[in-house]
Amino acid sequence: VDRRDDHVARRDGHGGGELAVVRHGRLAAADVARRGTPPMPVVESLRATARTILPADGPLAGASAEEVNLVRRWLTTGGTRLVHSEPSWAEPARGAAAWEGWARRARQAPLGSPSEITLG
């Protein structure tokens with residue numbers, strides 16, 4: 001079974017850290033290491049007790065777009081750090097964001113005038 005297992009952490013603002021295990025784009029476990037608590041034993045405990053998530057067919061491995069978006073936002077904002085990733089973390093170099101300008105122009109173009117919509 002293909003296994004996507006990411007362990008992440010961020011400071012909680014009180015001297016401790018928020019910790020999470022993400023599997024196939026879904027939150028599998030979360031906890032807090034309070035100030036003065038070594039975080040790695042908490043991470044290992046989370047990993048051992050995290051929910052098993054088997055990937056399903058489809059581009060999001062069975063997760064909903066909403067859950068993937070929430071998890072990704074938490075991962076990419078607020079100083080979240082990757083503690084461990086198996087296999088290595090990867091994202092497409094050219095995702096859909098590259099088409100944002102084109103999509104905006106397409107939405108604003110009058111209907112029936114495709115000549116006003118150009119790529120690039």
# chains A, B, ... in the order shown; residues from 1 in each chain; ligands from 1

call {"tool": "residues_around", "arguments": {"residues": "stretch 4-10 of chain A", "least_positions_apart": "6", "cutoff": "6 Å", "atoms": "only C-alpha atoms", "output": "list of chain:residue names"}}
result
A:Gly17, A:Glu18, A:Leu19, A:Ala20, A:Val21, A:Val22, A:Arg23, A:His24, A:Gly79, A:Thr80, A:Arg81, A:Leu82, A:Val83, A:His84, A:Ser85, A:Glu86

call {"tool": "select_by_dssp", "arguments": {"residues": "chain A", "states": "helix (DSSP H, G or I)", "output": "ChimeraX atom specification"}}
result
/A:39-49,65-76,96-108,114-116

call {"tool": "write_last_selection", "arguments": {"atoms": "N, CA and C atoms", "output": "short mmCIF file (atom, residue, chain, number, x, y, z; two decimals), in the first residue's frame"}}
result
data_model
loop_
_atom_site.label_atom_id
_atom_site.label_comp_id
_atom_site.auth_asym_id
_atom_site.auth_seq_id
_atom_site.Cartn_x
_atom_site.Cartn_y
_atom_site.Cartn_z
N PRO A 39 9.18 17.66 22.09
CA PRO A 39 8.15 17.38 21.09
C PRO A 39 8.26 16.02 20.41
N MET A 40 9.46 15.48 20.23
CA MET A 40 9.59 14.24 19.46
C MET A 40 8.89 13.04 20.08
N PRO A 41 8.90 12.84 21.40
CA PRO A 41 8.10 11.74 21.95
C PRO A 41 6.60 11.92 21.68
N VAL A 42 6.12 13.17 21.67
CA VAL A 42 4.71 13.42 21.36
C VAL A 42 4.45 13.09 19.89
N VAL A 43 5.37 13.48 19.00
CA VAL A 43 5.24 13.16 17.58
C VAL A 43 5.19 11.66 17.38
N GLU A 44 6.08 10.92 18.02
CA GLU A 44 6.11 9.46 17.87
C GLU A 44 4.84 8.81 18.41
N SER A 45 4.33 9.33 19.52
CA SER A 45 3.07 8.81 20.07
C SER A 45 1.92 9.08 19.11
N LEU A 46 1.89 10.29 18.55
CA LEU A 46 0.85 10.62 17.56
C LEU A 46 0.93 9.68 16.37
N ARG A 47 2.15 9.47 15.88
CA ARG A 47 2.33 8.61 14.71
C ARG A 47 1.83 7.20 14.99
N ALA A 48 2.12 6.70 16.16
CA ALA A 48 1.73 5.32 16.51
C ALA A 48 0.22 5.17 16.69
N THR A 49 -0.46 6.25 17.09
CA THR A 49 -1.89 6.15 17.38
C THR A 49 -2.77 6.85 16.34
N ALA A 65 -12.09 17.83 -1.28
CA ALA A 65 -11.33 19.03 -1.65
C ALA A 65 -11.28 20.01 -0.48
N GLU A 66 -12.36 20.10 0.29
CA GLU A 66 -12.40 21.01 1.42
C GLU A 66 -11.37 20.62 2.49
N GLU A 67 -11.30 19.32 2.80
CA GLU A 67 -10.34 18.88 3.82
C GLU A 67 -8.91 19.08 3.35
N VAL A 68 -8.63 18.73 2.11
CA VAL A 68 -7.28 18.92 1.58
C VAL A 68 -6.90 20.39 1.61
N ASN A 69 -7.84 21.28 1.25
CA ASN A 69 -7.56 22.71 1.26
C ASN A 69 -7.28 23.21 2.67
N LEU A 70 -8.08 22.79 3.65
CA LEU A 70 -7.86 23.21 5.04
C LEU A 70 -6.51 22.72 5.56
N VAL A 71 -6.20 21.45 5.32
CA VAL A 71 -4.93 20.90 5.78
C VAL A 71 -3.76 21.60 5.09
N ARG A 72 -3.86 21.81 3.78
CA ARG A 72 -2.78 22.48 3.04
C ARG A 72 -2.58 23.90 3.54
N ARG A 73 -3.67 24.62 3.80
CA ARG A 73 -3.55 25.99 4.32
C ARG A 73 -2.82 25.99 5.67
N TRP A 74 -3.16 25.04 6.55
CA TRP A 74 -2.49 24.97 7.85
C TRP A 74 -1.01 24.65 7.66
N LEU A 75 -0.71 23.77 6.70
CA LEU A 75 0.68 23.37 6.46
C LEU A 75 1.52 24.50 5.88
N THR A 76 0.91 25.39 5.11
CA THR A 76 1.70 26.39 4.37
C THR A 76 1.62 27.79 4.97
N ALA A 96 -2.45 24.68 -11.00
CA ALA A 96 -3.51 25.46 -11.64
C ALA A 96 -3.34 26.96 -11.42
N ALA A 97 -2.59 27.37 -10.41
CA ALA A 97 -2.40 28.80 -10.16
C ALA A 97 -1.78 29.51 -11.35
N ALA A 98 -1.03 28.80 -12.16
CA ALA A 98 -0.42 29.41 -13.34
C ALA A 98 -1.48 29.91 -14.33
N TRP A 99 -2.70 29.40 -14.24
CA TRP A 99 -3.77 29.79 -15.16
C TRP A 99 -4.72 30.82 -14.55
N GLU A 100 -4.41 31.34 -13.37
CA GLU A 100 -5.33 32.26 -12.69
C GLU A 100 -5.62 33.52 -13.52
N GLY A 101 -4.61 34.14 -14.09
CA GLY A 101 -4.83 35.34 -14.89
C GLY A 101 -5.69 35.07 -16.10
N TRP A 102 -5.43 33.96 -16.77
CA TRP A 102 -6.23 33.58 -17.94
C TRP A 102 -7.67 33.34 -17.54
N ALA A 103 -7.90 32.64 -16.43
CA ALA A 103 -9.25 32.35 -15.98
C ALA A 103 -9.99 33.65 -15.62
N ARG A 104 -9.31 34.60 -15.01
CA ARG A 104 -9.92 35.88 -14.67
C ARG A 104 -10.36 36.62 -15.93
N ARG A 105 -9.47 36.65 -16.93
CA ARG A 105 -9.82 37.31 -18.21
C ARG A 105 -10.98 36.60 -18.89
N ALA A 106 -11.00 35.28 -18.84
CA ALA A 106 -12.07 34.51 -19.46
C ALA A 106 -13.41 34.80 -18.80
N ARG A 107 -13.43 34.92 -17.48
CA ARG A 107 -14.68 35.22 -16.77
C ARG A 107 -15.19 36.62 -17.10
N GLN A 108 -14.28 37.56 -17.35
CA GLN A 108 -14.67 38.94 -17.62
C GLN A 108 -15.00 39.21 -19.08
N PRO A 114 -14.51 34.92 -28.22
CA PRO A 114 -13.30 34.17 -27.84
C PRO A 114 -12.01 34.82 -28.30
N SER A 115 -12.06 35.73 -29.28
CA SER A 115 -10.84 36.36 -29.75
C SER A 115 -10.22 37.27 -28.69
N GLU A 116 -10.99 37.68 -27.67
CA GLU A 116 -10.46 38.53 -26.62
C GLU A 116 -9.71 37.74 -25.55
#
